[in-house]
Structure formats: C-alpha cells, structure tokens
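Participant: File follows, upload23.pdb with PDB, C-alpha atoms and all ligand atoms:
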ATOM      1  CA  MET K   1     -16.966  48.294  47.478
ATOM      2  CA  ASP K   2     -15.270  51.243  45.897
ATOM      3  CA  ASN K   3     -13.693  50.993  42.478
ATOM      4  CA  ARG K   4     -10.153  50.869  43.834
ATOM      5  CA  ARG K   5     -10.899  47.817  46.037
ATOM      6  CA  LYS K   6     -12.692  46.117  43.116
ATOM      7  CA  TRP K   7      -9.587  46.486  40.929
ATOM      8  CA  ILE K   8      -7.339  45.152  43.705
ATOM      9  CA  LEU K   9      -9.619  42.127  44.175
ATOM     10  CA  LEU K  10      -9.792  41.501  40.427
ATOM     11  CA  GLY K  11      -5.993  41.762  40.275
ATOM     12  CA  LEU K  12      -5.578  39.209  43.078
ATOM     13  CA  VAL K  13      -8.025  36.757  41.477
ATOM     14  CA  SER K  14      -6.298  37.137  38.091
ATOM     15  CA  PHE K  15      -2.865  36.643  39.675
ATOM     16  CA  SER K  16      -4.017  33.497  41.513
ATOM     17  CA  PHE K  17      -5.500  32.075  38.324
ATOM     18  CA  LEU K  18      -2.343  32.847  36.342
ATOM     19  CA  SER K  19      -0.225  31.240  39.088
ATOM     20  CA  ILE K  20      -2.288  28.044  38.932
ATOM     21  CA  VAL K  21      -1.991  27.896  35.134
ATOM     22  CA  LEU K  22       1.776  28.556  35.202
ATOM     23  CA  THR K  23       2.318  25.999  38.003
ATOM     24  CA  PHE K  24       0.426  23.405  35.930
ATOM     25  CA  ILE K  25       2.423  24.186  32.773
ATOM     26  CA  PHE K  26       5.838  24.091  34.449
ATOM     27  CA  ASN K  27       5.128  20.990  36.520
ATOM     28  CA  ARG K  28       3.860  18.865  33.647
ATOM     29  CA  GLU K  29       5.980  15.787  33.163
ATOM     30  CA  ALA K  30       8.389  16.567  30.367
ATOM     31  CA  PRO K  31       8.707  13.854  27.708
ATOM     32  CA  PRO K  32      11.860  11.817  28.425
ATOM     33  CA  VAL K  33      14.606  13.004  26.124
ATOM     34  CA  SER K  34      16.051   9.507  25.987
ATOM     35  CA  ALA K  35      12.904   8.257  24.199
ATOM     36  CA  LEU K  36      13.873  10.411  21.240
ATOM     37  CA  GLU K  37      17.425   9.157  21.021
ATOM     38  CA  ILE K  38      18.972   5.839  20.148
ATOM     39  CA  PRO K  39      20.434   4.440  23.393
ATOM     40  CA  GLN K  40      24.216   4.122  23.412
ATOM     41  CA  SER K  41      23.819   0.403  24.212
ATOM     42  CA  THR K  42      21.899  -0.047  20.939
ATOM     43  CA  LYS K  43      24.603   1.723  18.945
ATOM     44  CA  ASP K  44      27.230  -0.407  20.680
ATOM     45  CA  PHE K  45      25.314  -3.601  19.855
ATOM     46  CA  PHE K  46      25.017  -2.764  16.161
ATOM     47  CA  ARG K  47      28.613  -1.606  15.885
ATOM     48  CA  LYS K  48      29.782  -4.888  17.424
ATOM     49  CA  LEU K  49      27.463  -6.801  15.109
ATOM     50  CA  SER K  50      29.020  -4.902  12.188
ATOM     51  CA  ASP K  51      32.473  -6.057  13.285
ATOM     52  CA  LEU K  52      31.391  -9.680  13.675
ATOM     53  CA  GLY K  53      29.166 -10.226  10.680
ATOM     54  CA  HIS K  54      28.134  -9.249   7.187
ATOM     55  CA  VAL K  55      25.404  -6.717   8.018
ATOM     56  CA  LYS K  56      26.892  -3.280   8.561
ATOM     57  CA  PHE K  57      25.347  -0.450  10.528
ATOM     58  CA  ASP K  58      26.349   3.140  10.833
ATOM     59  CA  PHE K  59      24.838   5.918  12.942
ATOM     60  CA  VAL K  60      24.963   9.515  11.787
ATOM     61  CA  ASP K  61      23.367  12.774  12.894
ATOM     62  CA  SER K  62      21.421  13.243   9.685
ATOM     63  CA  ILE K  63      21.231  12.251   6.038
ATOM     64  CA  ASP K  64      20.547  14.863   3.361
ATOM     65  CA  ILE K  65      17.395  14.092   1.440
ATOM     66  CA  GLY K  66      19.533  14.168  -1.723
ATOM     67  CA  ASP K  67      21.593  11.238  -0.429
ATOM     68  CA  PHE K  68      18.563   8.965  -0.780
ATOM     69  CA  ASN K  69      18.573   9.717  -4.506
ATOM     70  CA  ASN K  70      19.979   6.789  -6.471
ATOM     71  CA  ASP K  71      21.761   9.245  -8.778
ATOM     72  CA  ASN K  72      24.334   9.461  -5.975
ATOM     73  CA  ASP K  73      24.913   5.674  -5.848
ATOM     74  CA  TYR K  74      28.410   4.399  -6.540
ATOM     75  CA  SER K  75      28.046   3.348 -10.185
ATOM     76  CA  SER K  76      31.480   3.647 -11.779
ATOM     77  CA  ASP K  77      32.046   1.055 -14.571
ATOM     78  CA  PHE K  78      28.698  -0.611 -13.925
ATOM     79  CA  THR K  79      25.785  -1.277 -16.217
ATOM     80  CA  GLU K  80      22.411  -0.749 -14.564
ATOM     81  CA  LEU K  81      19.345  -2.944 -14.721
ATOM     82  CA  GLY K  82      16.464  -1.460 -12.814
ATOM     83  CA  ASP K  83      12.739  -1.243 -12.242
ATOM     84  CA  GLU K  84      10.544   0.713  -9.823
ATOM     85  CA  ASN K  85      11.969  -1.113  -6.776
ATOM     86  CA  PHE K  86      15.603  -1.984  -7.460
ATOM     87  CA  ILE K  87      18.750  -1.098  -9.364
ATOM     88  CA  VAL K  88      21.077  -4.003 -10.076
ATOM     89  CA  TYR K  89      24.616  -2.768 -10.829
ATOM     90  CA  TYR K  90      26.634  -5.299 -12.832
ATOM     91  CA  ARG K  91      29.852  -5.508 -14.838
ATOM     92  CA  ASN K  92      29.706  -6.111 -18.574
ATOM     93  CA  GLY K  93      30.906  -9.411 -19.974
ATOM     94  CA  GLY K  94      30.649 -13.120 -19.280
ATOM     95  CA  ASN K  95      27.387 -14.289 -17.799
ATOM     96  CA  GLU K  96      26.782 -11.089 -15.849
ATOM     97  CA  GLU K  97      23.791  -9.721 -17.746
ATOM     98  CA  LYS K  98      21.914 -12.994 -17.222
ATOM     99  CA  ARG K  99      22.961 -13.006 -13.552
ATOM    100  CA  ALA K 100      21.693  -9.432 -13.189
ATOM    101  CA  LYS K 101      18.324 -10.374 -14.702
ATOM    102  CA  GLN K 102      18.048 -13.341 -12.333
ATOM    103  CA  THR K 103      18.978 -11.125  -9.372
ATOM    104  CA  LEU K 104      16.247  -8.635 -10.285
ATOM    105  CA  HIS K 105      13.788 -11.492 -10.724
ATOM    106  CA  TYR K 106      14.588 -12.997  -7.299
ATOM    107  CA  ALA K 107      14.497  -9.582  -5.620
ATOM    108  CA  ASN K 108      10.970  -8.980  -6.921
ATOM    109  CA  GLU K 109       9.991 -12.543  -6.042
ATOM    110  CA  ALA K 110      11.055 -11.853  -2.450
ATOM    111  CA  ILE K 111       8.750  -8.811  -2.067
ATOM    112  CA  PRO K 112       5.384 -10.531  -1.437
ATOM    113  CA  GLU K 113       7.094 -13.136   0.752
ATOM    114  CA  LEU K 114       8.809 -10.449   2.820
ATOM    115  CA  ALA K 115       5.527  -8.540   3.102
ATOM    116  CA  ALA K 116       3.762 -11.666   4.396
ATOM    117  CA  PHE K 117       6.608 -12.659   6.733
ATOM    118  CA  PHE K 118       7.438  -9.255   8.256
ATOM    119  CA  GLY K 119       3.965  -7.714   7.956
ATOM    120  CA  LYS K 120       5.244  -5.073   5.539
ATOM    121  CA  TYR K 121       7.731  -4.676   2.704
ATOM    122  CA  TYR K 122       9.487  -1.322   2.448
ATOM    123  CA  TYR K 123       9.177  -0.307  -1.205
ATOM    124  CA  ALA K 124      11.126   2.633  -2.627
ATOM    125  CA  LYS K 125       8.074   4.830  -1.906
ATOM    126  CA  ASP K 126       8.403   3.892   1.799
ATOM    127  CA  ALA K 127      12.165   4.535   1.854
ATOM    128  CA  LYS K 128      12.251   8.163   0.675
ATOM    129  CA  LYS K 129      11.973   6.959  -2.942
ATOM    130  CA  ARG K 130      15.259   5.104  -2.699
ATOM    131  CA  LYS K 131      15.402   2.025  -4.907
ATOM    132  CA  LEU K 132      17.331  -0.768  -3.237
ATOM    133  CA  PRO K 133      20.747  -1.006  -4.967
ATOM    134  CA  ILE K 134      22.191  -4.522  -5.480
ATOM    135  CA  TYR K 135      25.792  -4.818  -6.715
ATOM    136  CA  LEU K 136      27.194  -7.915  -8.416
ATOM    137  CA  ALA K 137      30.922  -8.466  -7.899
ATOM    138  CA  VAL K 138      32.866 -10.505 -10.461
ATOM    139  CA  SER K 139      35.890 -11.444  -8.330
ATOM    140  CA  GLU K 140      37.119 -11.450  -4.738
ATOM    141  CA  ASP K 141      38.987  -8.204  -5.384
ATOM    142  CA  ASP K 142      35.946  -6.653  -7.020
ATOM    143  CA  PHE K 143      33.769  -7.609  -4.010
ATOM    144  CA  SER K 144      36.231  -6.002  -1.674
ATOM    145  CA  ALA K 145      36.621  -2.876  -3.848
ATOM    146  CA  ILE K 146      32.847  -2.306  -4.266
ATOM    147  CA  SER K 147      32.193  -2.851  -0.551
ATOM    148  CA  LYS K 148      34.912  -0.397   0.421
ATOM    149  CA  LYS K 149      33.599   2.210  -2.030
ATOM    150  CA  ILE K 150      30.104   1.954  -0.580
ATOM    151  CA  CYS K 151      30.919   1.810   3.089
ATOM    152  CA  GLY K 152      34.655   1.671   3.625
ATOM    153  CA  LYS K 153      34.666  -1.962   4.778
ATOM    154  CA  SER K 154      34.487  -5.464   3.380
ATOM    155  CA  VAL K 155      34.250  -8.998   4.767
ATOM    156  CA  GLU K 156      36.173 -11.548   2.703
ATOM    157  CA  TRP K 157      34.185 -14.619   3.727
ATOM    158  CA  ALA K 158      30.747 -13.122   3.165
ATOM    159  CA  ALA K 159      28.429 -14.232   0.355
ATOM    160  CA  GLY K 160      26.668 -10.890   0.621
ATOM    161  CA  LEU K 161      26.902  -7.624   2.511
ATOM    162  CA  THR K 162      24.130  -5.207   3.469
ATOM    163  CA  TYR K 163      24.968  -1.652   4.498
ATOM    164  CA  ASN K 164      22.564   0.370   6.624
ATOM    165  CA  THR K 165      22.663   3.855   8.073
ATOM    166  CA  TYR K 166      20.460   5.172  10.864
ATOM    167  CA  THR K 167      20.078   8.793  11.917
ATOM    168  CA  THR K 168      19.228  10.286  15.291
ATOM    169  CA  ASN K 169      15.829  11.413  13.973
ATOM    170  CA  GLY K 170      14.911   7.884  12.901
ATOM    171  CA  ASP K 171      15.686   8.058   9.167
ATOM    172  CA  LYS K 172      16.979   4.804   7.734
ATOM    173  CA  MET K 173      18.878   4.267   4.552
ATOM    174  CA  CYS K 174      20.234   1.114   2.942
ATOM    175  CA  MET K 175      23.257   2.142   0.894
ATOM    176  CA  GLY K 176      23.186  -1.183  -0.877
ATOM    177  CA  ILE K 177      23.597  -4.923  -0.961
ATOM    178  CA  VAL K 178      26.801  -6.356  -2.452
ATOM    179  CA  LEU K 179      26.872  -9.974  -3.677
ATOM    180  CA  ASN K 180      30.140 -11.877  -3.957
ATOM    181  CA  TYR K 181      31.376 -13.316  -7.275
ATOM    182  CA  ASN K 182      30.582 -16.921  -6.261
ATOM    183  CA  VAL K 183      26.929 -16.192  -5.520
ATOM    184  CA  GLN K 184      25.395 -17.891  -8.542
ATOM    185  CA  ASP K 185      22.406 -19.990  -9.525
ATOM    186  CA  GLY K 186      22.924 -23.594  -8.464
ATOM    187  CA  GLU K 187      26.180 -22.924  -6.615
ATOM    188  CA  PRO K 188      26.638 -23.582  -2.861
ATOM    189  CA  ASN K 189      26.107 -19.832  -2.375
ATOM    190  CA  ASP K 190      22.809 -19.987  -4.241
ATOM    191  CA  LEU K 191      21.838 -16.643  -5.796
ATOM    192  CA  LYS K 192      18.156 -16.780  -4.811
ATOM    193  CA  LYS K 193      18.875 -17.770  -1.198
ATOM    194  CA  VAL K 194      21.509 -15.048  -0.752
ATOM    195  CA  VAL K 195      19.230 -12.394  -2.304
ATOM    196  CA  PHE K 196      16.421 -13.511   0.045
ATOM    197  CA  HIS K 197      18.792 -13.506   3.073
ATOM    198  CA  GLU K 198      20.169 -10.006   2.388
ATOM    199  CA  MET K 199      16.748  -8.562   1.591
ATOM    200  CA  ALA K 200      15.463 -10.003   4.877
ATOM    201  CA  HIS K 201      18.191  -7.984   6.641
ATOM    202  CA  TYR K 202      17.179  -4.878   4.674
ATOM    203  CA  ASN K 203      13.491  -5.240   5.489
ATOM    204  CA  HIS K 204      14.051  -6.266   9.117
ATOM    205  CA  PHE K 205      16.146  -3.145   9.631
ATOM    206  CA  GLN K 206      13.378  -1.015   8.096
ATOM    207  CA  CYS K 207      10.803  -2.644  10.413
ATOM    208  CA  MET K 208      12.779  -2.188  13.637
ATOM    209  CA  ASP K 209      12.169   0.914  15.724
ATOM    210  CA  LEU K 210      15.619   1.622  17.152
ATOM    211  CA  LEU K 211      14.218   4.581  19.087
ATOM    212  CA  LYS K 212      12.017   2.226  21.143
ATOM    213  CA  LYS K 213      13.611  -1.211  21.120
ATOM    214  CA  ASN K 214      16.571  -1.386  23.470
ATOM    215  CA  LYS K 215      17.676  -5.027  23.616
ATOM    216  CA  TYR K 216      18.893  -7.034  20.648
ATOM    217  CA  LEU K 217      20.512 -10.392  20.024
ATOM    218  CA  ASN K 218      22.799 -11.590  17.249
ATOM    219  CA  TRP K 219      20.706 -14.743  16.826
ATOM    220  CA  GLU K 220      17.658 -12.567  16.259
ATOM    221  CA  VAL K 221      19.288 -10.735  13.336
ATOM    222  CA  GLU K 222      20.953 -13.706  11.612
ATOM    223  CA  GLY K 223      18.394 -16.350  12.557
ATOM    224  CA  LEU K 224      15.546 -14.327  11.113
ATOM    225  CA  ALA K 225      17.307 -13.779   7.763
ATOM    226  CA  SER K 226      18.271 -17.464   7.554
ATOM    227  CA  PHE K 227      14.788 -18.595   8.502
ATOM    228  CA  PHE K 228      13.205 -16.343   5.888
ATOM    229  CA  ALA K 229      15.649 -17.491   3.181
ATOM    230  CA  ASN K 230      15.486 -21.121   4.384
ATOM    231  CA  ASP K 231      19.223 -21.258   3.738
ATOM    232  CA  TRP K 232      22.017 -23.644   4.687
ATOM    233  CA  ASN K 233      22.721 -21.843   7.968
ATOM    234  CA  LYS K 234      19.971 -23.881   9.639
ATOM    235  CA  THR K 235      22.308 -26.888   9.865
ATOM    236  CA  ILE K 236      23.394 -27.525  13.450
ATOM    237  CA  PRO K 237      27.085 -28.513  13.473
ATOM    238  CA  THR K 238      27.561 -32.219  14.197
ATOM    239  CA  GLY K 239      28.613 -32.849  17.781
ATOM    240  CA  THR K 240      26.993 -29.677  19.108
ATOM    241  CA  ASP K 241      25.968 -30.069  22.745
ATOM    242  CA  ILE K 242      22.659 -28.171  22.766
ATOM    243  CA  THR K 243      22.696 -27.977  26.564
ATOM    244  CA  ASP K 244      25.570 -25.477  26.227
ATOM    245  CA  TYR K 245      23.272 -22.979  24.481
ATOM    246  CA  SER K 246      20.511 -20.651  25.638
ATOM    247  CA  LEU K 247      18.353 -18.198  23.691
ATOM    248  CA  GLN K 248      18.734 -15.822  26.606
ATOM    249  CA  LYS K 249      22.272 -14.998  25.562
ATOM    250  CA  ASP K 250      24.225 -14.899  22.340
ATOM    251  CA  PRO K 251      26.670 -17.735  21.619
ATOM    252  CA  ALA K 252      30.404 -17.238  22.067
ATOM    253  CA  ASN K 253      30.889 -18.131  18.411
ATOM    254  CA  TYR K 254      28.977 -15.743  16.117
ATOM    255  CA  VAL K 255      28.281 -18.397  13.455
ATOM    256  CA  ASP K 256      26.171 -20.364  15.961
ATOM    257  CA  SER K 257      23.736 -17.431  16.023
ATOM    258  CA  TYR K 258      22.448 -18.456  12.556
ATOM    259  CA  TRP K 259      21.177 -21.931  13.451
ATOM    260  CA  MET K 260      20.145 -20.865  16.959
ATOM    261  CA  GLY K 261      17.901 -18.140  15.584
ATOM    262  CA  TYR K 262      16.700 -20.247  12.674
ATOM    263  CA  HIS K 263      15.306 -22.866  15.056
ATOM    264  CA  ALA K 264      14.032 -20.306  17.587
ATOM    265  CA  PHE K 265      11.818 -18.840  14.847
ATOM    266  CA  GLY K 266      11.054 -22.336  13.557
ATOM    267  CA  LEU K 267       9.655 -23.236  16.965
ATOM    268  CA  ALA K 268       7.679 -19.966  17.019
ATOM    269  CA  ARG K 269       6.082 -20.965  13.719
ATOM    270  CA  GLU K 270       5.338 -24.469  15.038
ATOM    271  CA  ILE K 271       3.346 -23.016  17.932
ATOM    272  CA  GLY K 272       1.570 -20.569  15.596
ATOM    273  CA  GLN K 273       3.060 -17.412  17.137
ATOM    274  CA  LEU K 274       5.718 -16.352  14.651
ATOM    275  CA  SER K 275       4.071 -13.282  13.148
ATOM    276  CA  ASP K 276       2.821 -11.958  16.508
ATOM    277  CA  ILE K 277       6.270 -12.405  18.076
ATOM    278  CA  LEU K 278       7.848 -10.614  15.123
ATOM    279  CA  GLN K 279       5.431  -7.682  15.254
ATOM    280  CA  LYS K 280       6.211  -7.162  18.946
ATOM    281  CA  SER K 281       9.929  -7.634  18.430
ATOM    282  CA  TYR K 282      10.210  -4.531  16.233
ATOM    283  CA  SER K 283       9.797  -2.300  19.267
ATOM    284  CA  GLU K 284      10.616  -4.556  22.216
ATOM    285  CA  SER K 285      13.033  -7.269  23.211
ATOM    286  CA  LEU K 286      12.392 -10.834  22.097
ATOM    287  CA  MET K 287      12.906 -11.743  25.752
ATOM    288  CA  GLU K 288       9.591  -9.954  26.373
ATOM    289  CA  ALA K 289       7.846 -10.689  23.070
ATOM    290  CA  ILE K 290       8.376 -14.465  23.174
ATOM    291  CA  PRO K 291       6.981 -15.140  26.690
ATOM    292  CA  GLN K 292       3.982 -12.858  26.039
ATOM    293  CA  GLN K 293       3.032 -14.709  22.868
ATOM    294  CA  ALA K 294       4.163 -18.223  23.765
ATOM    295  CA  GLY K 295       2.292 -18.090  27.077
ATOM    296  CA  CYS K 296       5.230 -19.408  29.077
ATOM    297  CA  SER K 297       8.386 -18.083  30.693
ATOM    298  CA  MET K 298      11.488 -17.475  28.591
ATOM    299  CA  SER K 299      13.203 -20.334  30.469
ATOM    300  CA  ALA K 300      10.376 -22.687  29.512
ATOM    301  CA  TYR K 301      10.627 -21.561  25.861
ATOM    302  CA  ASP K 302      14.385 -22.092  26.057
ATOM    303  CA  ASN K 303      13.784 -25.699  27.214
ATOM    304  CA  GLN K 304      11.323 -26.296  24.376
ATOM    305  CA  TRP K 305      13.849 -24.847  21.920
ATOM    306  CA  ARG K 306      16.660 -27.122  23.179
ATOM    307  CA  ALA K 307      14.397 -30.167  22.797
ATOM    308  CA  HIS K 308      13.430 -28.932  19.297
ATOM    309  CA  CYS K 309      17.131 -28.502  18.354
ATOM    310  CA  LYS K 310      17.991 -32.001  19.651
ATOM    311  CA  ARG K 311      15.275 -33.489  17.414
ATOM    312  CA  VAL K 312      16.643 -31.468  14.456
ATOM    313  CA  LEU K 313      20.218 -32.576  15.196
ATOM    314  CA  ASN K 314      19.153 -36.227  15.321
ATOM    315  CA  SER K 315      17.322 -35.976  12.007
ATOM    316  CA  GLN K 316      19.982 -34.073  10.013
TER     317      GLN K 316
HETATM  318 ZN    ZN N 401      22.897 -12.456   7.556
END
Produce structure tokens that represent the structure in this file.
Facilitator:
Amino acid sequence: MDNRRKWILLGLVSFSFLSIVLTFIFNREAPPVSALEIPQSTKDFFRKLSDLGHVKFDFVDSIDIGDFNNDNDYSSDFTELGDENFIVYYRNGGNEEKRAKQTLHYANEAIPELAAFFGKYYYAKDAKKRKLPIYLAVSEDDFSAISKKICGKSVEWAAGLTYNTYTTNGDKMCMGIVLNYNVQDGEPNDLKKVVFHEMAHYNHFQCMDLLKKNKYLNWEVEGLASFFANDWNKTIPTGTDITDYSLQKDPANYVDSYWMGYHAFGLAREIGQLSDILQKSYSESLMEAIPQQAGCSMSAYDNQWRAHCKRVLNSQ
C-alpha cells in the first residue's frame, strides 16, 4: 500500500470513529427539563392554599443571598430577643417581654421534637444561615400590619401565619412567622401549640422537594402541623357524616382538612408507618407513599381511616 492510500484509509477509519462518537453524544437521552422546574400544577396548588389558609407561599425566580440575612428582616419598632436559631421580634410594654421569652423557649423546645418527627430539623445553618424570625403582634391591627409588611397579605382569623418563598433553583426561605395578639399561654390559642403548629409548617416546607413531588393535598399540609402540635384542630365537628369524606380528595370546606389529616397521620402512627410514610411523602404523593408503606390499597386505607374517625367521633 502506498503512502497516499494509507492516509486515505486512516482518514476513513478516523471519520467513522468520530461519526460513531458524535452519534452517541447527540443521541443520548437529554435530562428532562421539567425535572428541574416546579410544575405549574404545584405552583397553582400552593397559591390556592395560600388563598384558603394561613400558610403563604410565593414563587420567585431567585433570591439574593443577602435576602437570607436577618439584618434585612422587617424590624421597625420591635425589640429583638434572639439566639443561634431564632429572632423573636416583640413590642415593648405590657407582658410582651415575658411572652417573647416563652416564645423563644417553646421554639427551642420544638426543635428536637421536629427533628424526631420529620427526620430532620432545618437549623439556621441549613437555611443559608437564616434564623427563623417570629413576630409577636399586640393587637388585631398590629397583626394585620406586620403580616402585610412581611408579605403583603394577612388573614384576620388566623392564630399564626407562616410565609414561605420558593425559587426555581430550589432555594427556600421562610420570611417569618407572625403570631396574633391572642396567642398566649393558657388561652384557647395556646402559645406553645401555635408555635409548634407554625414551626411544623416551616420544617415541613423545608423537607419537601417541590422539584420532585407533584401532587399535594390540603389535609396533608394542615393535618401534619395539627398532628405534630397535637392541637384543637383534631376535633371532628359533631354531626359529621364520615362517609362523605375520602382521603383521596380534599374536602369542600378547607377547615375539615385539619381533622382529616390529623387522623390520617394518627392512623399511620397506629400501624407503625408514620415516619416511613413521611419520608416518602417529601418527594412523592401520599397517594403513593401510604399504600406502599401500609401494604394495602389507598381505598383500603381510606376505609380504615373512616372507621378510625367514627371511633374518634364517638369518643369525643
Ligand atoms: Zn396550619
């Protein structure tokens, strides 16, 4: 073979090899873009939830790292009481300093319980060094004014509000928790229970992977917080016909989602599957997580739950 033919052959072999490599590269399955974005249905769910309830969600393109800094918190006319995990913002006067100390105490008391319940507690170090801000309102007007300053919205009837923001790249920020003036030790809106309920919302939101999970239920959000706080929302209204309800869909009346979820998680604990169901539920629907862990269909779990609720209703 003369030199010229050798070079032609070498060129052909090289070209074939390059073609194979390029074909492989260009035909590889591209990662689905949708997996990197929050589905519109998820945004719609959380926006609707924000309209109905006291946990507020916002979706933005990005949050500047500086916005996580507590120096940028709304703090006008507040005194601060803080530690490495929290900043309690309270008004001077009356019983407020004592209330602030109790709030800080309960918030820290909740940490190990949240860690055990959810599998992890999101400390400031896990939330871009952001300490969780808790605001104490001293009147109805004050509650409304603080809430609007933090997130532009308030809910008159709420004992507490929790404001969350989620970005397209998966960053999460809790702007703060606001407690109403009547949230006090020993009052119907018991301070410890409301702190535990709102912090459950905060931590649940931190646990959830909104980039993966694509089906949510109102009873999941409210029931979990009520179950963790063991609060008054577990009471099933007298006269409720349980046969009208199913865990496979949210109730027509939002307030029913509290007791529905409370007893759904109560049943999960009874069968020893609560923590495994929760771990799965951070990235997938409860409608998948429950049957997998309970070892039965969702319809069968629904039947067990209705029987469980009837027993609860009869013993209230
Ligand atoms: Zn709640």
Participant: Check which residues of chain K sit at most 7 Å from ligand ZN 401 (chain N) using only C-alpha atoms and all ligand atoms, and return one row each with the closest pair of atoms and their distance in Å to one decimal, ordered by chain and rising number, as JSON lines.
Facilitator:
{"residue": "K:His54", "atom": "CA", "partner": "N:ZN401", "partner_atom": "ZN", "distance": 6.2}
{"residue": "K:Val55", "atom": "CA", "partner": "N:ZN401", "partner_atom": "ZN", "distance": 6.3}
{"residue": "K:His197", "atom": "CA", "partner": "N:ZN401", "partner_atom": "ZN", "distance": 6.2}
{"residue": "K:Glu198", "atom": "CA", "partner": "N:ZN401", "partner_atom": "ZN", "distance": 6.3}
{"residue": "K:His201", "atom": "CA", "partner": "N:ZN401", "partner_atom": "ZN", "distance": 6.6}
{"residue": "K:Glu222", "atom": "CA", "partner": "N:ZN401", "partner_atom": "ZN", "distance": 4.7}
{"residue": "K:Ala225", "atom": "CA", "partner": "N:ZN401", "partner_atom": "ZN", "distance": 5.7}
{"residue": "K:Ser226", "atom": "CA", "partner": "N:ZN401", "partner_atom": "ZN", "distance": 6.8}
Participant: Residues within 9 Å of K:Tyr122, please, as a PDB file with C-alpha atoms, in the frame of the given file. Count all atoms listed in the file; anything in the same chain fewer than 5 positions from it doesn't count.
Facilitator:
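Output (out.pdb):
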ATOM      1  CA  ILE K 111       8.750  -8.811  -2.067  1.00  0.00           C
ATOM      2  CA  ALA K 115       5.527  -8.540   3.102  1.00  0.00           C
ATOM      3  CA  ALA K 127      12.165   4.535   1.854  1.00  0.00           C
ATOM      4  CA  TYR K 202      17.179  -4.878   4.674  1.00  0.00           C
ATOM      5  CA  ASN K 203      13.491  -5.240   5.489  1.00  0.00           C
ATOM      6  CA  GLN K 206      13.378  -1.015   8.096  1.00  0.00           C
ATOM      7  CA  CYS K 207      10.803  -2.644  10.413  1.00  0.00           C
TER       8      CYS K 207
END
Participant: Give me the residues near stretch 246-252 of chain K as a PyMOL selection string, where near means some atom within 10 Å (using all atoms listed in the file) and where sequence neighbours in that chain fewer than 3 positions away do not count.
Facilitator: chain K and resi 216-220+242-243+255-257+260-261+264+286-287+298-299+301-303+305-306
Participant: Taking all atoms listed in the file into account, which of K:Ala100, K:Asp185, K:Lys56, K:Asn85 comes nearest K:Gly160?
Facilitator: K:Lys56
Participant: Can you pull out every residue within 12 Å of K:Ser62, counting all atoms listed in the file, but drop anything in the same chain fewer than 2 positions away, and send it as a list in words?
Facilitator: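 Returned residues: Asp58, Phe59, Val60, Asp64, Ile65, Gly66, Asp67, Phe68, Thr165, Tyr166, Thr167, Thr168, Asn169, Gly170, Asp171, Lys172 and Met173 of chain K.
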Participant: Name the residues captured by the PyMOL selection byres (((chain K and resi 232) around 10) and not hetatm) when it is applied to the shown file; answer as a list in words.
Facilitator: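 Written out, the selection comes to Pro188, Asn189, Asp190, Lys193, Ser226, Phe227, Ala229, Asn230, Asp231, Asn233, Lys234, Thr235, Ile236, Tyr258 and Trp259 of chain K.
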